[in-house]
$ cat upload_16.pdb   # PDB, C-alpha atoms
ATOM      1  CA  MET A   1      59.077  17.144 244.708
ATOM      2  CA  THR A   2      57.882  20.742 244.403
ATOM      3  CA  ASP A   3      59.118  23.263 241.837
ATOM      4  CA  THR A   4      60.931  25.018 244.655
ATOM      5  CA  ASP A   5      62.748  21.801 245.536
ATOM      6  CA  GLY A   6      63.857  21.517 241.920
ATOM      7  CA  LEU A   7      65.148  25.089 241.948
ATOM      8  CA  ASP A   8      67.024  24.439 245.170
ATOM      9  CA  GLU A   9      68.630  21.328 243.712
ATOM     10  CA  GLY A  10      69.578  23.253 240.576
ATOM     11  CA  ALA A  11      71.225  25.978 242.647
ATOM     12  CA  VAL A  12      73.181  23.388 244.638
ATOM     13  CA  THR A  13      74.298  21.662 241.437
ATOM     14  CA  TRP A  14      75.368  24.970 239.874
ATOM     15  CA  LYS A  15      77.313  25.928 242.994
ATOM     16  CA  ARG A  16      79.068  22.552 243.075
ATOM     17  CA  HIS A  17      80.137  22.737 239.430
ATOM     18  CA  ALA A  18      81.145  26.387 239.745
ATOM     19  CA  GLN A  19      83.403  25.447 242.652
ATOM     20  CA  GLN A  20      84.947  22.616 240.626
ATOM     21  CA  VAL A  21      85.650  24.956 237.715
ATOM     22  CA  ALA A  22      87.115  27.609 240.012
ATOM     23  CA  GLU A  23      89.511  25.026 241.465
ATOM     24  CA  GLN A  24      90.900  24.094 238.063
ATOM     25  CA  MET A  25      94.270  25.377 236.862
ATOM     26  CA  TRP A  26      94.137  29.042 235.764
ATOM     27  CA  PRO A  27      97.701  29.904 234.663
ATOM     28  CA  SER A  28      98.822  33.505 234.918
ATOM     29  CA  ALA A  29     100.659  35.341 232.109
ATOM     30  CA  CYS A  30      98.234  33.666 229.733
ATOM     31  CA  LEU A  31      95.819  34.700 226.977
ATOM     32  CA  TYR A  32      92.399  33.044 227.291
ATOM     33  CA  VAL A  33      90.577  32.982 223.933
ATOM     34  CA  VAL A  34      86.940  32.732 224.985
ATOM     35  CA  ALA A  35      83.962  31.813 222.799
ATOM     36  CA  THR A  36      80.846  33.799 223.708
ATOM     37  CA  PRO A  37      77.138  33.412 222.822
ATOM     38  CA  ILE A  38      76.091  33.990 219.210
ATOM     39  CA  GLY A  39      72.670  35.255 220.299
ATOM     40  CA  ASN A  40      71.324  33.486 223.376
ATOM     41  CA  LEU A  41      73.072  34.796 226.501
ATOM     42  CA  GLY A  42      72.364  31.481 228.221
ATOM     43  CA  ASP A  43      74.901  29.742 225.981
ATOM     44  CA  LEU A  44      77.896  31.110 227.899
ATOM     45  CA  SER A  45      79.741  28.134 229.384
ATOM     46  CA  LEU A  46      80.527  27.890 233.080
ATOM     47  CA  ARG A  47      84.243  27.753 232.309
ATOM     48  CA  ALA A  48      83.987  30.859 230.110
ATOM     49  CA  TRP A  49      82.130  32.656 232.910
ATOM     50  CA  GLU A  50      84.881  31.819 235.378
ATOM     51  CA  ALA A  51      87.621  32.903 232.959
ATOM     52  CA  LEU A  52      85.963  36.248 232.256
ATOM     53  CA  ARG A  53      85.523  36.845 235.991
ATOM     54  CA  ARG A  54      89.069  35.804 236.857
ATOM     55  CA  CYS A  55      91.030  37.629 234.136
ATOM     56  CA  ASP A  56      92.585  41.024 234.799
ATOM     57  CA  ALA A  57      91.168  42.495 231.569
ATOM     58  CA  ILE A  58      89.028  41.464 228.616
ATOM     59  CA  ALA A  59      90.104  42.454 225.098
ATOM     60  CA  ALA A  60      86.853  42.878 223.168
ATOM     61  CA  GLU A  61      85.987  43.487 219.520
ATOM     62  CA  ASP A  62      83.268  45.939 220.604
ATOM     63  CA  THR A  63      83.321  46.917 224.257
ATOM     64  CA  ARG A  64      79.672  48.021 224.198
ATOM     65  CA  THR A  65      78.488  44.647 222.910
ATOM     66  CA  SER A  66      80.633  42.757 225.378
ATOM     67  CA  ARG A  67      79.481  44.964 228.253
ATOM     68  CA  THR A  68      75.910  43.749 227.681
ATOM     69  CA  LEU A  69      77.070  40.144 228.088
ATOM     70  CA  LEU A  70      79.192  40.916 231.144
ATOM     71  CA  ASP A  71      76.398  42.837 232.853
ATOM     72  CA  ALA A  72      73.978  39.962 232.230
ATOM     73  CA  TRP A  73      76.370  37.561 233.952
ATOM     74  CA  GLY A  74      77.482  39.875 236.753
ATOM     75  CA  ILE A  75      81.064  40.215 235.511
ATOM     76  CA  ALA A  76      82.905  43.432 236.394
ATOM     77  CA  THR A  77      86.243  42.760 234.664
ATOM     78  CA  PRO A  78      87.619  45.877 232.879
ATOM     79  CA  LEU A  79      87.361  45.966 229.077
ATOM     80  CA  MET A  80      89.908  47.069 226.494
ATOM     81  CA  ALA A  81      89.289  47.483 222.757
ATOM     82  CA  ALA A  82      90.773  44.909 220.351
ATOM     83  CA  HIS A  83      89.174  45.272 216.938
ATOM     84  CA  ARG A  84      90.220  45.074 213.298
ATOM     85  CA  HIS A  85      91.502  48.662 213.196
ATOM     86  CA  ASN A  86      93.673  48.571 216.317
ATOM     87  CA  GLU A  87      94.645  44.903 216.488
ATOM     88  CA  GLN A  88      98.394  45.523 216.337
ATOM     89  CA  GLN A  89      98.298  48.099 219.133
ATOM     90  CA  ALA A  90      96.025  45.840 221.184
ATOM     91  CA  ALA A  91      98.441  42.935 220.694
ATOM     92  CA  ASP A  92     101.339  45.064 221.947
ATOM     93  CA  ALA A  93      99.348  46.135 225.015
ATOM     94  CA  ILE A  94      98.293  42.553 225.764
ATOM     95  CA  VAL A  95     101.871  41.267 225.557
ATOM     96  CA  GLN A  96     102.934  44.004 227.984
ATOM     97  CA  ARG A  97     100.225  42.936 230.421
ATOM     98  CA  LEU A  98     101.218  39.278 230.104
ATOM     99  CA  ALA A  99     104.799  40.261 230.900
ATOM    100  CA  GLN A 100     103.428  41.571 234.214
ATOM    101  CA  GLY A 101     101.884  38.170 234.938
ATOM    102  CA  GLN A 102      98.305  39.164 234.141
ATOM    103  CA  ARG A 103      95.579  36.968 232.702
ATOM    104  CA  ILE A 104      93.892  38.469 229.639
ATOM    105  CA  ALA A 105      90.723  37.205 227.957
ATOM    106  CA  LEU A 106      90.060  37.744 224.237
ATOM    107  CA  VAL A 107      86.458  37.832 222.996
ATOM    108  CA  SER A 108      84.682  38.822 219.796
ATOM    109  CA  ASP A 109      81.162  40.207 219.466
ATOM    110  CA  ALA A 110      79.794  36.671 219.162
ATOM    111  CA  GLY A 111      81.160  33.171 218.785
ATOM    112  CA  ALA A 112      84.806  32.172 218.536
ATOM    113  CA  PRO A 113      87.461  34.920 218.404
ATOM    114  CA  ALA A 114      90.080  34.737 215.640
ATOM    115  CA  VAL A 115      87.722  32.674 213.429
ATOM    116  CA  SER A 116      86.248  35.047 210.819
ATOM    117  CA  ASP A 117      86.630  37.708 213.522
ATOM    118  CA  PRO A 118      89.569  39.800 214.732
ATOM    119  CA  GLY A 119      92.036  38.133 217.077
ATOM    120  CA  ALA A 120      94.348  35.942 215.007
ATOM    121  CA  ARG A 121      97.091  38.597 214.946
ATOM    122  CA  ILE A 122      96.883  38.907 218.721
ATOM    123  CA  VAL A 123      97.122  35.146 219.152
ATOM    124  CA  ARG A 124     100.161  34.948 216.872
ATOM    125  CA  GLN A 125     101.947  37.800 218.617
ATOM    126  CA  VAL A 126     101.278  36.361 222.073
ATOM    127  CA  GLN A 127     102.643  32.994 220.961
ATOM    128  CA  ALA A 128     105.682  34.636 219.346
ATOM    129  CA  ALA A 129     106.396  36.423 222.630
ATOM    130  CA  GLY A 130     106.487  33.054 224.384
ATOM    131  CA  TYR A 131     103.235  33.247 226.327
ATOM    132  CA  ARG A 132     100.588  30.579 226.587
ATOM    133  CA  VAL A 133      97.273  30.726 224.701
ATOM    134  CA  ILE A 134      94.346  28.710 226.101
ATOM    135  CA  PRO A 135      91.187  28.360 223.945
ATOM    136  CA  LEU A 136      87.858  28.017 225.736
ATOM    137  CA  PRO A 137      85.489  26.426 223.196
ATOM    138  CA  GLY A 138      81.850  27.311 223.017
ATOM    139  CA  PRO A 139      79.188  28.747 220.692
ATOM    140  CA  SER A 140      79.925  28.780 216.962
ATOM    141  CA  ALA A 141      77.552  29.813 214.173
ATOM    142  CA  VAL A 142      79.442  27.551 211.760
ATOM    143  CA  ILE A 143      79.073  24.425 213.890
ATOM    144  CA  ALA A 144      75.504  25.274 214.911
ATOM    145  CA  ALA A 145      74.433  25.550 211.262
ATOM    146  CA  LEU A 146      76.197  22.302 210.353
ATOM    147  CA  MET A 147      74.549  20.525 213.289
ATOM    148  CA  ALA A 148      71.105  21.486 211.992
ATOM    149  CA  SER A 149      71.834  20.932 208.288
ATOM    150  CA  GLY A 150      72.545  17.211 208.104
ATOM    151  CA  ALA A 151      75.107  18.095 205.444
ATOM    152  CA  THR A 152      77.927  15.998 206.919
ATOM    153  CA  ARG A 153      78.147  12.348 207.950
ATOM    154  CA  ASP A 154      80.345  10.522 210.403
ATOM    155  CA  ASP A 155      81.995   8.681 207.490
ATOM    156  CA  GLU A 156      82.332  11.928 205.483
ATOM    157  CA  PRO A 157      82.856  14.653 208.102
ATOM    158  CA  GLY A 158      84.708  17.151 205.936
ATOM    159  CA  PHE A 159      83.418  20.643 205.263
ATOM    160  CA  ALA A 160      84.806  24.035 204.196
ATOM    161  CA  PHE A 161      84.246  27.360 205.929
ATOM    162  CA  ALA A 162      84.326  30.195 203.402
ATOM    163  CA  GLY A 163      83.299  33.131 205.625
ATOM    164  CA  PHE A 164      81.531  36.205 204.257
ATOM    165  CA  MET A 165      80.881  36.496 200.539
ATOM    166  CA  PRO A 166      82.439  39.429 198.660
ATOM    167  CA  SER A 167      80.074  42.385 198.370
ATOM    168  CA  LYS A 168      80.643  43.225 194.668
ATOM    169  CA  PRO A 169      78.690  41.057 192.188
ATOM    170  CA  GLN A 170      81.538  40.042 189.863
ATOM    171  CA  ALA A 171      83.890  39.258 192.735
ATOM    172  CA  ARG A 172      81.143  37.292 194.471
ATOM    173  CA  ARG A 173      80.475  35.141 191.400
ATOM    174  CA  LYS A 174      84.155  34.324 190.959
ATOM    175  CA  TRP A 175      84.395  33.536 194.655
ATOM    176  CA  LEU A 176      81.326  31.294 194.557
ATOM    177  CA  ALA A 177      82.551  29.476 191.449
ATOM    178  CA  ARG A 178      85.689  28.511 193.363
ATOM    179  CA  TRP A 179      83.923  27.304 196.501
ATOM    180  CA  ILE A 180      80.945  25.476 194.986
ATOM    181  CA  GLY A 181      83.253  23.187 193.036
ATOM    182  CA  LEU A 182      84.480  21.538 196.236
ATOM    183  CA  PRO A 183      83.178  18.022 196.950
ATOM    184  CA  VAL A 184      82.253  18.935 200.555
ATOM    185  CA  PRO A 185      79.622  21.130 202.236
ATOM    186  CA  VAL A 186      80.573  24.814 202.223
ATOM    187  CA  VAL A 187      79.547  27.148 205.067
ATOM    188  CA  MET A 188      79.126  30.831 204.193
ATOM    189  CA  PHE A 189      77.991  33.978 205.978
ATOM    190  CA  GLU A 190      75.808  36.657 204.400
ATOM    191  CA  THR A 191      74.181  39.896 205.464
ATOM    192  CA  PRO A 192      70.425  40.516 205.027
ATOM    193  CA  HIS A 193      70.794  43.353 202.504
ATOM    194  CA  ARG A 194      72.928  41.175 200.180
ATOM    195  CA  LEU A 195      71.090  37.891 200.707
ATOM    196  CA  GLN A 196      68.806  38.091 197.662
ATOM    197  CA  ALA A 197      71.677  38.820 195.269
ATOM    198  CA  ALA A 198      73.859  36.117 196.795
ATOM    199  CA  LEU A 199      71.126  33.492 196.500
ATOM    200  CA  ALA A 200      70.429  34.542 192.912
ATOM    201  CA  ASP A 201      74.101  33.985 192.056
ATOM    202  CA  LEU A 202      74.091  30.587 193.772
ATOM    203  CA  CYS A 203      71.015  29.575 191.795
ATOM    204  CA  GLU A 204      72.706  30.665 188.549
ATOM    205  CA  LEU A 205      75.977  28.860 189.208
ATOM    206  CA  ALA A 206      74.981  25.589 190.842
ATOM    207  CA  ALA A 207      72.595  22.831 189.829
ATOM    208  CA  PRO A 208      68.971  23.562 190.880
ATOM    209  CA  GLU A 209      68.680  20.234 192.727
ATOM    210  CA  ARG A 210      71.670  20.962 194.965
ATOM    211  CA  GLU A 211      70.609  21.432 198.581
ATOM    212  CA  LEU A 212      71.120  24.567 200.649
ATOM    213  CA  THR A 213      70.500  25.022 204.354
ATOM    214  CA  VAL A 214      69.495  28.568 205.293
ATOM    215  CA  ALA A 215      70.021  29.243 209.010
ATOM    216  CA  ARG A 216      68.653  32.561 210.229
ATOM    217  CA  GLU A 217      69.066  34.173 213.675
ATOM    218  CA  LEU A 218      70.727  31.094 215.189
ATOM    219  CA  SER A 219      70.031  30.639 218.926
ATOM    220  CA  LYS A 220      67.797  33.727 218.993
ATOM    221  CA  ARG A 221      64.045  34.039 219.479
ATOM    222  CA  PHE A 222      63.202  34.046 215.774
ATOM    223  CA  GLU A 223      65.621  31.316 214.745
ATOM    224  CA  GLU A 224      64.635  29.611 211.497
ATOM    225  CA  ILE A 225      66.438  26.788 209.718
ATOM    226  CA  ALA A 226      65.371  25.285 206.407
ATOM    227  CA  THR A 227      67.016  22.839 204.018
ATOM    228  CA  LEU A 228      65.752  22.941 200.453
ATOM    229  CA  SER A 229      66.970  22.753 196.900
ATOM    230  CA  LEU A 230      68.418  25.822 195.203
ATOM    231  CA  GLY A 231      65.487  25.658 192.812
ATOM    232  CA  GLN A 232      63.119  26.226 195.745
ATOM    233  CA  VAL A 233      65.051  28.762 197.782
ATOM    234  CA  GLN A 234      63.784  31.957 196.132
ATOM    235  CA  ASP A 235      60.137  30.908 196.492
ATOM    236  CA  TRP A 236      60.739  29.939 200.133
ATOM    237  CA  LEU A 237      62.269  33.326 200.837
ATOM    238  CA  ALA A 238      59.379  35.167 199.171
ATOM    239  CA  GLN A 239      56.755  33.386 201.299
ATOM    240  CA  ASP A 240      57.581  35.447 204.386
ATOM    241  CA  ALA A 241      59.156  38.917 204.469
ATOM    242  CA  HIS A 242      60.773  38.114 207.833
ATOM    243  CA  ARG A 243      62.921  35.458 206.156
ATOM    244  CA  SER A 244      65.108  38.194 204.658
ATOM    245  CA  GLN A 245      65.873  39.642 208.088
ATOM    246  CA  GLY A 246      68.553  38.788 210.600
ATOM    247  CA  GLU A 247      71.980  37.195 210.429
ATOM    248  CA  PHE A 248      72.465  34.318 207.988
ATOM    249  CA  VAL A 249      74.587  31.209 207.772
ATOM    250  CA  LEU A 250      74.277  29.301 204.505
ATOM    251  CA  VAL A 251      75.367  25.678 204.155
ATOM    252  CA  LEU A 252      75.707  24.594 200.544
ATOM    253  CA  HIS A 253      75.547  20.809 200.607
ATOM    254  CA  ALA A 254      78.081  18.768 198.660
ATOM    255  CA  PRO A 255      77.094  17.713 195.139
ATOM    256  CA  ALA A 256      75.202  14.429 195.104
ATOM    257  CA  VAL A 257      77.785  13.009 192.712
ATOM    258  CA  GLN A 258      81.291  14.412 192.577
ATOM    259  CA  ALA A 259      81.889  16.155 189.264
ATOM    260  CA  ALA A 260      84.729  15.255 186.989
ATOM    261  CA  PRO A 261      87.795  17.518 187.124
ATOM    262  CA  GLU A 262      86.738  21.005 186.090
ATOM    263  CA  ASP A 263      89.215  21.378 183.245
ATOM    264  CA  ASP A 264      88.532  17.914 181.795
ATOM    265  CA  LEU A 265      86.422  19.233 178.904
ATOM    266  CA  SER A 266      86.542  17.476 175.589
ATOM    267  CA  ALA A 267      87.931  19.341 172.584
ATOM    268  CA  ASP A 268      84.411  19.802 171.199
ATOM    269  CA  GLN A 269      83.135  21.123 174.517
ATOM    270  CA  GLN A 270      86.005  23.576 174.746
ATOM    271  CA  ARG A 271      85.360  24.833 171.200
ATOM    272  CA  LEU A 272      81.696  25.316 172.036
ATOM    273  CA  MET A 273      82.502  27.290 175.177
ATOM    274  CA  VAL A 274      85.055  29.469 173.404
ATOM    275  CA  ALA A 275      82.468  30.291 170.733
ATOM    276  CA  LEU A 276      79.827  31.091 173.339
ATOM    277  CA  LEU A 277      82.205  33.293 175.314
ATOM    278  CA  ALA A 278      82.903  35.321 172.187
ATOM    279  CA  GLU A 279      79.253  36.374 172.073
ATOM    280  CA  LEU A 280      77.904  36.001 175.624
ATOM    281  CA  SER A 281      78.747  36.819 179.213
ATOM    282  CA  VAL A 282      80.390  34.134 181.324
ATOM    283  CA  ARG A 283      77.110  33.488 183.118
ATOM    284  CA  ASP A 284      75.074  33.135 179.912
ATOM    285  CA  ALA A 285      77.777  31.059 178.218
ATOM    286  CA  ALA A 286      77.762  28.622 181.141
ATOM    287  CA  ARG A 287      73.962  28.423 181.047
ATOM    288  CA  VAL A 288      73.783  27.768 177.297
ATOM    289  CA  GLY A 289      76.778  25.426 177.431
ATOM    290  CA  ALA A 290      75.141  23.380 180.202
ATOM    291  CA  ALA A 291      71.953  23.060 178.149
ATOM    292  CA  ALA A 292      73.933  21.982 175.070
ATOM    293  CA  THR A 293      76.359  19.541 176.728
ATOM    294  CA  GLY A 294      74.549  18.298 179.826
ATOM    295  CA  LEU A 295      77.542  19.291 181.962
ATOM    296  CA  PRO A 296      76.954  21.026 185.311
ATOM    297  CA  ARG A 297      76.549  24.776 184.923
ATOM    298  CA  ASP A 298      78.872  25.522 187.870
ATOM    299  CA  ARG A 299      81.629  23.435 186.280
ATOM    300  CA  LEU A 300      81.360  25.313 182.977
ATOM    301  CA  TYR A 301      81.197  28.653 184.787
ATOM    302  CA  ALA A 302      84.406  27.865 186.662
ATOM    303  CA  TRP A 303      86.113  26.763 183.426
ATOM    304  CA  ALA A 304      85.016  29.949 181.661
ATOM    305  CA  LEU A 305      86.336  32.147 184.448
ATOM    306  CA  ARG A 306      89.754  30.562 184.143
ATOM    307  CA  GLN A 307      89.868  31.504 180.481
ATOM    308  CA  SER A 308      89.434  35.236 181.125
ATOM    309  CA  PRO A 309      92.621  37.283 181.519
TER     310      PRO A 309
END
$ encode --input "upload_16.pdb" --output "structure tokens"
Amino acid sequence: MTDTDGLDEGAVTWKRHAQQVAEQMWPSACLYVVATPIGNLGDLSLRAWEALRRCDAIAAEDTRTSRTLLDAWGIATPLMAAHRHNEQQAADAIVQRLAQGQRIALVSDAGAPAVSDPGARIVRQVQAAGYRVIPLPGPSAVIAALMASGATRDDEPGFAFAGFMPSKPQARRKWLARWIGLPVPVVMFETPHRLQAALADLCELAAPERELTVARELSKRFEEIATLSLGQVQDWLAQDAHRSQGEFVLVLHAPAVQAAPEDDLSADQQRLMVALLAELSVRDAARVGAAATGLPRDRLYAWALRQSP
């Protein structure tokens, strides 16, 4: 078989599946929540392509970003803005269109709408108005990072999605102290200009042997995924300046052994921590307390935070 024969067979297969998808049920007066590529335009599903072609309008987080995707796939459906700052107005307009029997698609800049992206208010309002919402699954940075991390198992599939870290240092540390105490992997997003500070806080709060998967530029040309201990992560980052660039998903693996309840400190341990907190910052008190007691630093940090007014 020649390469041309293979291309011809591929085109026939694509046409056959496209016809099958087109013949599926496509209810009118319906909101289609469509997952779109997180980087690689080839990740758009055939069903998503058909929905975006078939709908009367596409509500997009950023119409310029979505136009690039639509142009790449030959989709001419009109766009309307539906972002964080106009979500209520967009929801009202979408409900009005649904009342006219239209099909409306909802997309975000990348990945799944209404999951750490605008769209949830629109979904709720459409449901409250009595119209159907159909999700079209597809690319997800959260799931992609978990797939490559090995942080979950089929007998322990649980994980937590925490979203973006707070930008201010004190708020970020309090936020991290809450999430890292969970006995499951935690998925977090971070921007390149805050990555160094965020990793430094993680290294201060959690045990150095705890594993972290750093997923950079998922599905894009310069994708890089590494799983290493928190004690190694700063050195790994410093080995290549490019590793601080791009969009990041961090997967903090579950502790190897589940810690005891955070507030189950003995009376002596509590007295020690109170004395340390009288002289030191929360971070330094947790560090010294961990060295003195052998307890996990993140557990002591979380306990100390709960003592502050």
$ residues_around --input "upload_16.pdb" --residues "Gln269 in chain A" --least-positions-apart "5" --cutoff "9 Å" --atoms "only C-alpha atoms" --output "PyMOL selection string"
chain A and resi 274+289+293
$ write_last_selection --input "upload_16.pdb" --atoms "C-alpha atoms" --output "PDB file, in the frame of the given file"
ATOM      1  CA  VAL A 274      85.055  29.469 173.404  1.00  0.00           C
ATOM      2  CA  GLY A 289      76.778  25.426 177.431  1.00  0.00           C
ATOM      3  CA  THR A 293      76.359  19.541 176.728  1.00  0.00           C
TER       4      THR A 293
END
$ closest_atom_pairs --input "upload_16.pdb" --of "range 138-161 of chain A" --to "range 181-188 of chain A" --cutoff "9 Å" --atoms "all atoms listed in the file" --output "tab-separated table"
residue	atom	partner	partner_atom	distance
A:Val142	CA	A:Val187	CA	6.7
A:Ala145	CA	A:Val187	CA	8.2
A:Leu146	CA	A:Val187	CA	7.9
A:Ala151	CA	A:Pro185	CA	6.3
A:Thr152	CA	A:Pro185	CA	7.2
A:Glu156	CA	A:Val184	CA	8.6
A:Pro157	CA	A:Val184	CA	8.7
A:Gly158	CA	A:Val184	CA	6.2
A:Phe159	CA	A:Pro185	CA	4.9
A:Ala160	CA	A:Val186	CA	4.7
A:Phe161	CA	A:Val187	CA	4.8
$ residues_near_point --input "upload_16.pdb" --point "(62.2, 35.2, 206.0)" --cutoff "12 Å" --atoms "all atoms listed in the file" --output "MDAnalysis selection string"
chainID A and resid 192 195:196 214:217 222:226 233:248
$ resolve_selection --input "upload_16.pdb" --expression "the PyMOL selection byres ((chain A and resi 111) around 8)" --output "count of residues only"
13
$ resolve_selection --input "upload_16.pdb" --expression "the PyMOL selection byres ((chain A and resi 173) around 10)" --output "count of residues only"
22
$ closest_residue --input "upload_16.pdb" --among "A:Ser167, A:Gln20, A:Thr213, A:Gln100" --to "Leu230 in chain A" --atoms "only C-alpha atoms"
A:Thr213
$ resolve_selection --input "upload_16.pdb" --expression "the PyMOL selection byres ((chain A and resi 56-62) around 7)" --output "number ranges by chain"
A: 54-55, 63-66, 77-83, 102-109
$ axis_aligned_box --input "upload_16.pdb" --around "range 52-58 of chain A" --padding-each-side "4 Å" --output "JSON"
{"center_x": 89.1, "center_y": 39.1, "center_z": 232.7, "size_x": 15.1, "size_y": 14.7, "size_z": 16.2}
$ closest_residue --input "upload_16.pdb" --among "A:Gly10, A:Gly130, A:Pro296, A:Pro135" --to "Pro208 in chain A" --atoms "all atoms listed in the file"
A:Pro296
$ atom_distance --input "upload_16.pdb" --atom1 "CA of Ala256 in chain A" --atom2 "CA of Ala200 in chain A"
20.8 Å
$ atom_distance --input "upload_16.pdb" --atom1 "CA of Arg53 in chain A" --atom2 "CA of Ala76 in chain A"
7.1 Å
$ residues_around --input "upload_16.pdb" --residues "Gln88 in chain A" --least-positions-apart "2" --cutoff "12 Å" --atoms "all atoms listed in the file" --output "NGL selection string"
:A and (81-86 or 90-95 or 118-126)
$ closest_residue --input "upload_16.pdb" --among "A:Leu70, A:Ala162, A:Leu228, A:Leu280" --to "Val115 in chain A" --atoms "all atoms listed in the file"
A:Ala162
$ atom_distance --input "upload_16.pdb" --atom1 "CA of Leu252 in chain A" --atom2 "CA of Leu300 in chain A"
18.5 Å
$ closest_residue --input "upload_16.pdb" --among "A:Glu23, A:Asp298, A:Glu9, A:Asp43" --to "Ala207 in chain A" --atoms "only C-alpha atoms"
A:Asp298
$ closest_residue --input "upload_16.pdb" --among "A:Val34, A:Ala99, A:Ala129, A:Ala197" --to "Ala48 in chain A" --atoms "all atoms listed in the file"
A:Val34
$ residues_around --input "upload_16.pdb" --residues "Leu276 in chain A" --least-positions-apart "3" --cutoff "10 Å" --atoms "all atoms listed in the file" --output "compact mmCIF listing (two decimals) with C-alpha atoms, keeping the file's coordinate frame"
# COMPACT_ATOMS: atom_id res chain seq x y z
CA GLN A 270 86.00 23.58 174.75
CA ARG A 271 85.36 24.83 171.20
CA LEU A 272 81.70 25.32 172.04
CA MET A 273 82.50 27.29 175.18
CA GLU A 279 79.25 36.37 172.07
CA LEU A 280 77.90 36.00 175.62
CA SER A 281 78.75 36.82 179.21
CA VAL A 282 80.39 34.13 181.32
CA ASP A 284 75.07 33.14 179.91
CA ALA A 285 77.78 31.06 178.22
CA ALA A 286 77.76 28.62 181.14
CA VAL A 288 73.78 27.77 177.30
CA GLY A 289 76.78 25.43 177.43
CA ALA A 304 85.02 29.95 181.66
$ closest_residue --input "upload_16.pdb" --among "A:Ala206, A:His193, A:Gln127, A:Val12" --to "Arg287 in chain A" --atoms "only C-alpha atoms"
A:Ala206
